[in-house]
>>> print(open('data.cif').read())   # mmCIF, N, CA, C and O atoms
data_start
loop_
_atom_site.label_atom_id
_atom_site.label_comp_id
_atom_site.auth_asym_id
_atom_site.auth_seq_id
_atom_site.Cartn_x
_atom_site.Cartn_y
_atom_site.Cartn_z
N MET A 1 -63.45 80.53 -77.74
CA MET A 1 -62.41 81.54 -77.79
C MET A 1 -61.15 80.94 -78.41
O MET A 1 -60.84 79.78 -78.19
N ASN A 2 -60.45 81.75 -79.13
CA ASN A 2 -59.20 81.31 -79.75
C ASN A 2 -58.04 81.76 -78.88
O ASN A 2 -57.44 82.80 -79.12
N TYR A 3 -57.76 80.99 -77.87
CA TYR A 3 -56.71 81.34 -76.91
C TYR A 3 -55.34 80.97 -77.44
O TYR A 3 -54.75 79.98 -77.03
N ASN A 4 -54.84 81.76 -78.36
CA ASN A 4 -53.56 81.41 -78.98
C ASN A 4 -52.43 81.29 -77.95
O ASN A 4 -51.58 80.43 -78.08
N ASP A 5 -52.43 82.13 -76.94
CA ASP A 5 -51.35 82.06 -75.95
C ASP A 5 -51.41 80.80 -75.10
O ASP A 5 -50.40 80.28 -74.67
N PHE A 6 -52.62 80.28 -74.85
CA PHE A 6 -52.75 79.06 -74.07
C PHE A 6 -52.09 77.88 -74.77
O PHE A 6 -51.63 76.94 -74.15
N TYR A 7 -52.07 77.95 -76.10
CA TYR A 7 -51.47 76.88 -76.90
C TYR A 7 -50.07 77.25 -77.40
O TYR A 7 -49.52 76.56 -78.24
N LEU A 8 -49.55 78.36 -76.86
CA LEU A 8 -48.22 78.86 -77.23
C LEU A 8 -48.12 79.10 -78.75
O LEU A 8 -47.12 78.79 -79.38
N GLU A 9 -49.18 79.66 -79.31
CA GLU A 9 -49.24 79.95 -80.74
C GLU A 9 -49.24 81.46 -80.96
O GLU A 9 -49.63 82.24 -80.09
N ASP A 10 -48.85 81.86 -82.16
CA ASP A 10 -48.84 83.29 -82.48
C ASP A 10 -50.18 83.72 -83.07
O ASP A 10 -51.11 82.92 -83.19
N ALA A 11 -50.28 85.00 -83.44
CA ALA A 11 -51.54 85.54 -83.95
C ALA A 11 -51.97 84.88 -85.25
O ALA A 11 -53.17 84.78 -85.54
N ALA A 12 -51.04 84.40 -86.07
CA ALA A 12 -51.39 83.73 -87.33
C ALA A 12 -52.22 82.48 -87.07
O ALA A 12 -53.06 82.10 -87.88
N TRP A 13 -52.00 81.83 -85.95
CA TRP A 13 -52.73 80.62 -85.58
C TRP A 13 -54.23 80.88 -85.48
O TRP A 13 -55.04 80.00 -85.79
N VAL A 14 -54.61 82.08 -85.09
CA VAL A 14 -56.03 82.40 -84.93
C VAL A 14 -56.77 82.20 -86.25
O VAL A 14 -57.84 81.59 -86.29
N GLY A 15 -56.19 82.67 -87.35
CA GLY A 15 -56.80 82.45 -88.66
C GLY A 15 -56.84 80.99 -89.04
O GLY A 15 -57.84 80.50 -89.59
N GLU A 16 -55.78 80.28 -88.73
CA GLU A 16 -55.71 78.85 -89.06
C GLU A 16 -56.77 78.05 -88.31
O GLU A 16 -57.46 77.20 -88.90
N ILE A 17 -56.92 78.31 -87.02
CA ILE A 17 -57.89 77.54 -86.23
C ILE A 17 -59.32 77.95 -86.60
O ILE A 17 -60.23 77.13 -86.59
N THR A 18 -59.49 79.22 -86.95
CA THR A 18 -60.81 79.67 -87.40
C THR A 18 -61.22 78.93 -88.67
O THR A 18 -62.36 78.51 -88.82
N LYS A 19 -60.27 78.75 -89.58
CA LYS A 19 -60.56 78.01 -90.82
C LYS A 19 -60.99 76.59 -90.49
O LYS A 19 -61.94 76.06 -91.07
N GLU A 20 -60.29 75.95 -89.54
CA GLU A 20 -60.67 74.59 -89.12
C GLU A 20 -62.09 74.58 -88.57
O GLU A 20 -62.88 73.68 -88.86
N GLU A 21 -62.41 75.58 -87.75
CA GLU A 21 -63.74 75.66 -87.14
C GLU A 21 -64.81 75.86 -88.20
O GLU A 21 -65.86 75.22 -88.17
N VAL A 22 -64.55 76.76 -89.15
CA VAL A 22 -65.51 77.02 -90.23
C VAL A 22 -65.72 75.75 -91.05
O VAL A 22 -66.86 75.39 -91.37
N ASN A 23 -64.65 75.06 -91.38
CA ASN A 23 -64.76 73.82 -92.16
C ASN A 23 -65.52 72.73 -91.39
O ASN A 23 -66.24 71.94 -91.98
N SER A 24 -65.35 72.71 -90.08
CA SER A 24 -65.99 71.65 -89.29
C SER A 24 -67.51 71.78 -89.24
O SER A 24 -68.20 70.79 -89.03
N VAL A 25 -68.04 72.98 -89.44
CA VAL A 25 -69.49 73.16 -89.43
C VAL A 25 -70.08 73.21 -90.84
O VAL A 25 -71.29 73.38 -91.00
N ASN A 26 -69.23 73.05 -91.84
CA ASN A 26 -69.67 72.99 -93.24
C ASN A 26 -70.60 74.12 -93.63
O ASN A 26 -71.55 73.93 -94.40
N GLY A 27 -70.39 75.31 -93.08
CA GLY A 27 -71.22 76.45 -93.42
C GLY A 27 -72.63 76.40 -92.86
O GLY A 27 -73.46 77.24 -93.17
N GLU A 28 -72.92 75.40 -92.03
CA GLU A 28 -74.26 75.24 -91.48
C GLU A 28 -74.52 76.16 -90.28
O GLU A 28 -75.67 76.39 -89.92
N LYS A 29 -73.47 76.63 -89.66
CA LYS A 29 -73.59 77.52 -88.51
C LYS A 29 -72.52 78.59 -88.61
O LYS A 29 -71.43 78.34 -89.12
N PRO A 30 -72.82 79.78 -88.10
CA PRO A 30 -71.80 80.82 -88.14
C PRO A 30 -70.72 80.56 -87.09
O PRO A 30 -70.99 79.99 -86.03
N VAL A 31 -69.51 80.94 -87.40
CA VAL A 31 -68.39 80.83 -86.48
C VAL A 31 -67.93 82.25 -86.15
O VAL A 31 -67.70 83.06 -87.05
N PHE A 32 -67.83 82.54 -84.88
CA PHE A 32 -67.31 83.82 -84.43
C PHE A 32 -65.97 83.57 -83.77
O PHE A 32 -65.84 82.70 -82.92
N SER A 33 -64.99 84.32 -84.19
CA SER A 33 -63.66 84.15 -83.65
C SER A 33 -63.52 84.96 -82.36
O SER A 33 -63.63 86.19 -82.38
N GLY A 34 -63.31 84.27 -81.25
CA GLY A 34 -63.15 84.93 -79.96
C GLY A 34 -61.70 85.27 -79.72
O GLY A 34 -60.84 84.38 -79.71
N LEU A 35 -61.42 86.54 -79.54
CA LEU A 35 -60.04 86.99 -79.36
C LEU A 35 -59.80 87.37 -77.91
O LEU A 35 -60.47 88.23 -77.35
N PHE A 36 -58.85 86.71 -77.30
CA PHE A 36 -58.47 86.95 -75.92
C PHE A 36 -57.47 88.10 -75.91
O PHE A 36 -56.47 88.07 -76.64
N ILE A 37 -57.72 89.12 -75.12
CA ILE A 37 -56.94 90.36 -75.13
C ILE A 37 -56.06 90.47 -73.88
O ILE A 37 -56.51 90.25 -72.77
N CYS A 38 -54.80 90.83 -74.08
CA CYS A 38 -53.86 91.05 -72.98
C CYS A 38 -53.94 92.50 -72.54
O CYS A 38 -53.53 93.41 -73.28
N ARG A 39 -54.48 92.72 -71.35
CA ARG A 39 -54.63 94.09 -70.84
C ARG A 39 -53.26 94.72 -70.54
O ARG A 39 -52.99 95.84 -70.93
N ASP A 40 -52.40 94.01 -69.84
CA ASP A 40 -51.09 94.54 -69.45
C ASP A 40 -50.05 94.14 -70.49
O ASP A 40 -49.04 93.54 -70.19
N TRP A 41 -50.32 94.47 -71.74
CA TRP A 41 -49.52 94.00 -72.86
C TRP A 41 -48.08 94.45 -72.82
O TRP A 41 -47.20 93.76 -73.31
N GLN A 42 -47.80 95.59 -72.20
CA GLN A 42 -46.41 96.07 -72.14
C GLN A 42 -45.58 95.25 -71.16
O GLN A 42 -44.36 95.28 -71.19
N ASN A 43 -46.24 94.49 -70.31
CA ASN A 43 -45.58 93.67 -69.30
C ASN A 43 -45.80 92.18 -69.55
O ASN A 43 -45.55 91.35 -68.70
N LYS A 44 -46.28 91.83 -70.73
CA LYS A 44 -46.69 90.46 -71.04
C LYS A 44 -45.58 89.44 -70.80
O LYS A 44 -45.83 88.34 -70.30
N ALA A 45 -44.36 89.79 -71.12
CA ALA A 45 -43.24 88.85 -70.97
C ALA A 45 -43.03 88.42 -69.52
O ALA A 45 -42.49 87.35 -69.25
N ASN A 46 -43.48 89.25 -68.58
CA ASN A 46 -43.30 88.95 -67.16
C ASN A 46 -44.53 88.32 -66.51
O ASN A 46 -44.50 88.01 -65.33
N ILE A 47 -45.58 88.15 -67.27
CA ILE A 47 -46.82 87.59 -66.72
C ILE A 47 -46.75 86.06 -66.75
O ILE A 47 -46.53 85.47 -67.79
N LYS A 48 -46.93 85.45 -65.60
CA LYS A 48 -46.84 84.00 -65.47
C LYS A 48 -48.16 83.30 -65.79
O LYS A 48 -48.18 82.23 -66.37
N ASP A 49 -49.27 83.88 -65.36
CA ASP A 49 -50.58 83.26 -65.47
C ASP A 49 -51.15 83.40 -66.89
O ASP A 49 -51.36 84.52 -67.36
N PRO A 50 -51.42 82.29 -67.60
CA PRO A 50 -51.98 82.38 -68.95
C PRO A 50 -53.32 83.12 -69.00
O PRO A 50 -53.71 83.63 -70.02
N GLU A 51 -54.02 83.17 -67.87
CA GLU A 51 -55.29 83.91 -67.82
C GLU A 51 -55.08 85.39 -68.12
O GLU A 51 -56.02 86.07 -68.52
N ASP A 52 -53.88 85.88 -67.92
CA ASP A 52 -53.59 87.30 -68.15
C ASP A 52 -52.89 87.55 -69.47
O ASP A 52 -52.48 88.65 -69.76
N HIS A 53 -52.73 86.50 -70.28
CA HIS A 53 -52.11 86.65 -71.59
C HIS A 53 -53.19 86.95 -72.62
O HIS A 53 -54.35 87.07 -72.32
N GLY A 54 -52.82 87.06 -73.84
CA GLY A 54 -53.74 87.33 -74.94
C GLY A 54 -53.03 88.16 -75.99
O GLY A 54 -51.80 88.27 -76.01
N LEU A 55 -53.82 88.73 -76.88
CA LEU A 55 -53.27 89.50 -77.98
C LEU A 55 -52.82 90.88 -77.53
O LEU A 55 -53.50 91.56 -76.77
N ILE A 56 -51.66 91.28 -78.04
CA ILE A 56 -51.16 92.62 -77.82
C ILE A 56 -51.56 93.45 -79.04
O ILE A 56 -51.94 92.89 -80.08
N PRO A 57 -51.52 94.77 -78.95
CA PRO A 57 -51.99 95.60 -80.07
C PRO A 57 -51.39 95.24 -81.43
O PRO A 57 -52.11 95.21 -82.43
N SER A 58 -50.12 94.93 -81.48
CA SER A 58 -49.48 94.63 -82.76
C SER A 58 -49.96 93.31 -83.37
O SER A 58 -49.71 93.03 -84.55
N GLU A 59 -50.69 92.50 -82.61
CA GLU A 59 -51.21 91.22 -83.11
C GLU A 59 -52.67 91.28 -83.53
O GLU A 59 -53.17 90.36 -84.17
N ILE A 60 -53.34 92.34 -83.16
CA ILE A 60 -54.78 92.45 -83.40
C ILE A 60 -55.12 92.36 -84.89
O ILE A 60 -56.00 91.61 -85.30
N GLU A 61 -54.42 93.13 -85.71
CA GLU A 61 -54.76 93.16 -87.14
C GLU A 61 -54.63 91.77 -87.77
O GLU A 61 -55.52 91.32 -88.50
N GLU A 62 -53.55 91.09 -87.46
CA GLU A 62 -53.35 89.75 -88.04
C GLU A 62 -54.44 88.78 -87.58
O GLU A 62 -54.95 87.98 -88.37
N ALA A 63 -54.80 88.85 -86.32
CA ALA A 63 -55.82 87.94 -85.78
C ALA A 63 -57.20 88.24 -86.38
O ALA A 63 -57.93 87.32 -86.76
N VAL A 64 -57.55 89.51 -86.48
CA VAL A 64 -58.86 89.89 -87.03
C VAL A 64 -58.94 89.54 -88.51
O VAL A 64 -59.87 88.88 -88.96
N ARG A 65 -57.97 89.97 -89.27
CA ARG A 65 -57.98 89.71 -90.71
C ARG A 65 -57.92 88.20 -91.00
O ARG A 65 -58.63 87.70 -91.87
N GLY A 66 -57.08 87.49 -90.27
CA GLY A 66 -56.98 86.05 -90.46
C GLY A 66 -58.30 85.35 -90.18
O GLY A 66 -58.70 84.44 -90.91
N SER A 67 -58.99 85.79 -89.14
CA SER A 67 -60.29 85.21 -88.79
C SER A 67 -61.31 85.46 -89.89
O SER A 67 -62.01 84.54 -90.32
N MET A 68 -61.39 86.70 -90.34
CA MET A 68 -62.39 87.04 -91.33
C MET A 68 -62.09 86.38 -92.68
O MET A 68 -62.99 85.88 -93.35
N GLU A 69 -60.82 86.34 -93.06
CA GLU A 69 -60.45 85.69 -94.32
C GLU A 69 -60.68 84.18 -94.26
O GLU A 69 -60.89 83.55 -95.28
N ALA A 70 -60.66 83.62 -93.05
CA ALA A 70 -60.91 82.19 -92.87
C ALA A 70 -62.39 81.86 -92.84
O ALA A 70 -62.76 80.69 -92.76
N GLY A 71 -63.24 82.88 -92.89
CA GLY A 71 -64.67 82.63 -92.96
C GLY A 71 -65.46 82.92 -91.70
O GLY A 71 -66.65 82.58 -91.63
N ALA A 72 -64.85 83.53 -90.71
CA ALA A 72 -65.59 83.86 -89.49
C ALA A 72 -66.73 84.82 -89.82
O ALA A 72 -66.60 85.68 -90.69
N ALA A 73 -67.85 84.66 -89.13
CA ALA A 73 -68.99 85.55 -89.31
C ALA A 73 -68.78 86.85 -88.55
O ALA A 73 -69.45 87.84 -88.80
N GLY A 74 -67.84 86.85 -87.62
CA GLY A 74 -67.56 88.03 -86.82
C GLY A 74 -66.49 87.76 -85.79
O GLY A 74 -65.92 86.67 -85.72
N ILE A 75 -66.24 88.77 -84.99
CA ILE A 75 -65.20 88.74 -83.96
C ILE A 75 -65.85 89.06 -82.61
O ILE A 75 -66.69 89.95 -82.52
N ALA A 76 -65.43 88.33 -81.58
CA ALA A 76 -65.83 88.64 -80.22
C ALA A 76 -64.57 88.94 -79.42
O ALA A 76 -63.57 88.23 -79.55
N LEU A 77 -64.61 89.98 -78.62
CA LEU A 77 -63.45 90.36 -77.81
C LEU A 77 -63.65 89.88 -76.38
O LEU A 77 -64.67 90.15 -75.77
N PHE A 78 -62.66 89.17 -75.86
CA PHE A 78 -62.70 88.70 -74.49
C PHE A 78 -61.51 89.30 -73.74
O PHE A 78 -60.38 88.93 -74.00
N THR A 79 -61.74 90.14 -72.95
CA THR A 79 -62.93 90.93 -72.72
C THR A 79 -62.68 92.34 -73.25
O THR A 79 -61.53 92.81 -73.21
N PRO A 80 -63.73 93.02 -73.70
CA PRO A 80 -63.51 94.35 -74.26
C PRO A 80 -62.92 95.31 -73.23
O PRO A 80 -62.23 96.26 -73.59
N GLY A 81 -63.15 95.05 -71.95
CA GLY A 81 -62.58 95.89 -70.91
C GLY A 81 -61.06 95.81 -70.85
O GLY A 81 -60.41 96.68 -70.27
N ASN A 82 -60.48 94.77 -71.44
CA ASN A 82 -59.02 94.64 -71.48
C ASN A 82 -58.40 95.44 -72.62
O ASN A 82 -57.18 95.57 -72.69
N MET A 83 -59.23 95.94 -73.51
CA MET A 83 -58.72 96.69 -74.65
C MET A 83 -58.18 98.05 -74.18
O MET A 83 -58.88 98.82 -73.53
N THR A 84 -56.94 98.31 -74.53
CA THR A 84 -56.33 99.61 -74.25
C THR A 84 -56.56 100.51 -75.46
O THR A 84 -57.03 100.07 -76.51
N ASP A 85 -56.19 101.77 -75.33
CA ASP A 85 -56.31 102.68 -76.48
C ASP A 85 -55.52 102.14 -77.66
O ASP A 85 -55.98 102.22 -78.80
N GLU A 86 -54.37 101.55 -77.40
CA GLU A 86 -53.55 100.98 -78.47
C GLU A 86 -54.24 99.80 -79.15
O GLU A 86 -54.18 99.65 -80.36
N HIS A 87 -54.91 98.96 -78.34
CA HIS A 87 -55.68 97.85 -78.91
C HIS A 87 -56.79 98.38 -79.81
O HIS A 87 -57.00 97.86 -80.91
N TRP A 88 -57.53 99.39 -79.34
CA TRP A 88 -58.64 99.92 -80.12
C TRP A 88 -58.16 100.53 -81.44
O TRP A 88 -58.81 100.38 -82.47
N LYS A 89 -57.03 101.21 -81.40
CA LYS A 89 -56.47 101.78 -82.64
C LYS A 89 -56.14 100.66 -83.63
O LYS A 89 -56.43 100.77 -84.82
N ALA A 90 -55.52 99.61 -83.15
CA ALA A 90 -55.17 98.48 -84.01
C ALA A 90 -56.43 97.78 -84.52
O ALA A 90 -56.49 97.38 -85.69
N PHE A 91 -57.44 97.65 -83.68
CA PHE A 91 -58.70 97.02 -84.08
C PHE A 91 -59.37 97.85 -85.17
O PHE A 91 -59.86 97.32 -86.17
N ASP A 92 -59.40 99.16 -84.97
CA ASP A 92 -60.00 100.06 -85.96
C ASP A 92 -59.30 99.92 -87.31
O ASP A 92 -59.95 99.84 -88.36
N LYS A 93 -57.99 99.85 -87.28
CA LYS A 93 -57.22 99.67 -88.52
C LYS A 93 -57.57 98.33 -89.18
O LYS A 93 -57.73 98.25 -90.40
N ALA A 94 -57.71 97.29 -88.37
CA ALA A 94 -57.99 95.95 -88.90
C ALA A 94 -59.34 95.86 -89.58
O ALA A 94 -59.49 95.16 -90.57
N ILE A 95 -60.32 96.55 -89.06
CA ILE A 95 -61.68 96.44 -89.62
C ILE A 95 -61.93 97.42 -90.76
O ILE A 95 -62.96 97.35 -91.40
N HIS A 96 -61.00 98.31 -90.98
CA HIS A 96 -61.18 99.26 -92.08
C HIS A 96 -60.18 98.96 -93.12
O HIS A 96 -59.78 99.16 -94.00
#
>>> encode(input="data.cif", output="structure tokens")
Amino acid sequence: MNYNDFYLEDAAWVGEITKEEVNSVNGEKPVFSGLFICRDWQNKANIKDPEDHGLIPSEIEEAVRGSMEAGAAGIALFTPGNMTDEHWKAFDKAIH
């Protein structure tokens, strides 16, 4: 999983780390970019536990596009149950 918040990184970091991962396997294995989703995204600034952090809707497009442009074979959402309607709208925009 690309836990950008655990490393205090922004959504752009997801593409950067995905590129490193893709390069490290020299195309011999597929890399899937795991995106950690913040369920309570409107309250993220007040959340202390990094387990409850992750991408907010406005970061989804950058993380998805960055991952795919870096060579990821696909995207995995951790966890899809954390996706709000706003997340899904942003995800739909990112993949189209």
>>> resolve_selection(input="data.cif", expression="the PyMOL selection byres ((chain A and resi 57-67) around 7)", output="PyMOL selection string")
chain A and resi 11-12+14-16+18-19+31+33+38+41+55-56+68-74+86-91+93-95
>>> closest_residue(input="data.cif", among="A:Ile37, A:Ile47, A:Pro30, A:His96", to="A:Met83", atoms="only N, CA, C and O atoms")
A:Ile37
>>> resolve_selection(input="data.cif", expression="the PyMOL selection byres (((chain A and resi 79 and name CA) around 10) and name CA)", output="PyMOL selection string")
chain A and resi 34-39+76-78+80-83
>>> select_by_dssp(input="data.cif", residues="chain A", states="strand (DSSP E)", output="list of chain:residue names")
A:Phe32, A:Ser33, A:Gly34, A:Leu35, A:Phe36, A:Gly74, A:Ile75, A:Ala76, A:Leu77, A:Phe78
>>> atom_distance(input="data.cif", atom1="atom C of A:Glu20", atom2="atom O of A:Pro50")
22.3 Å
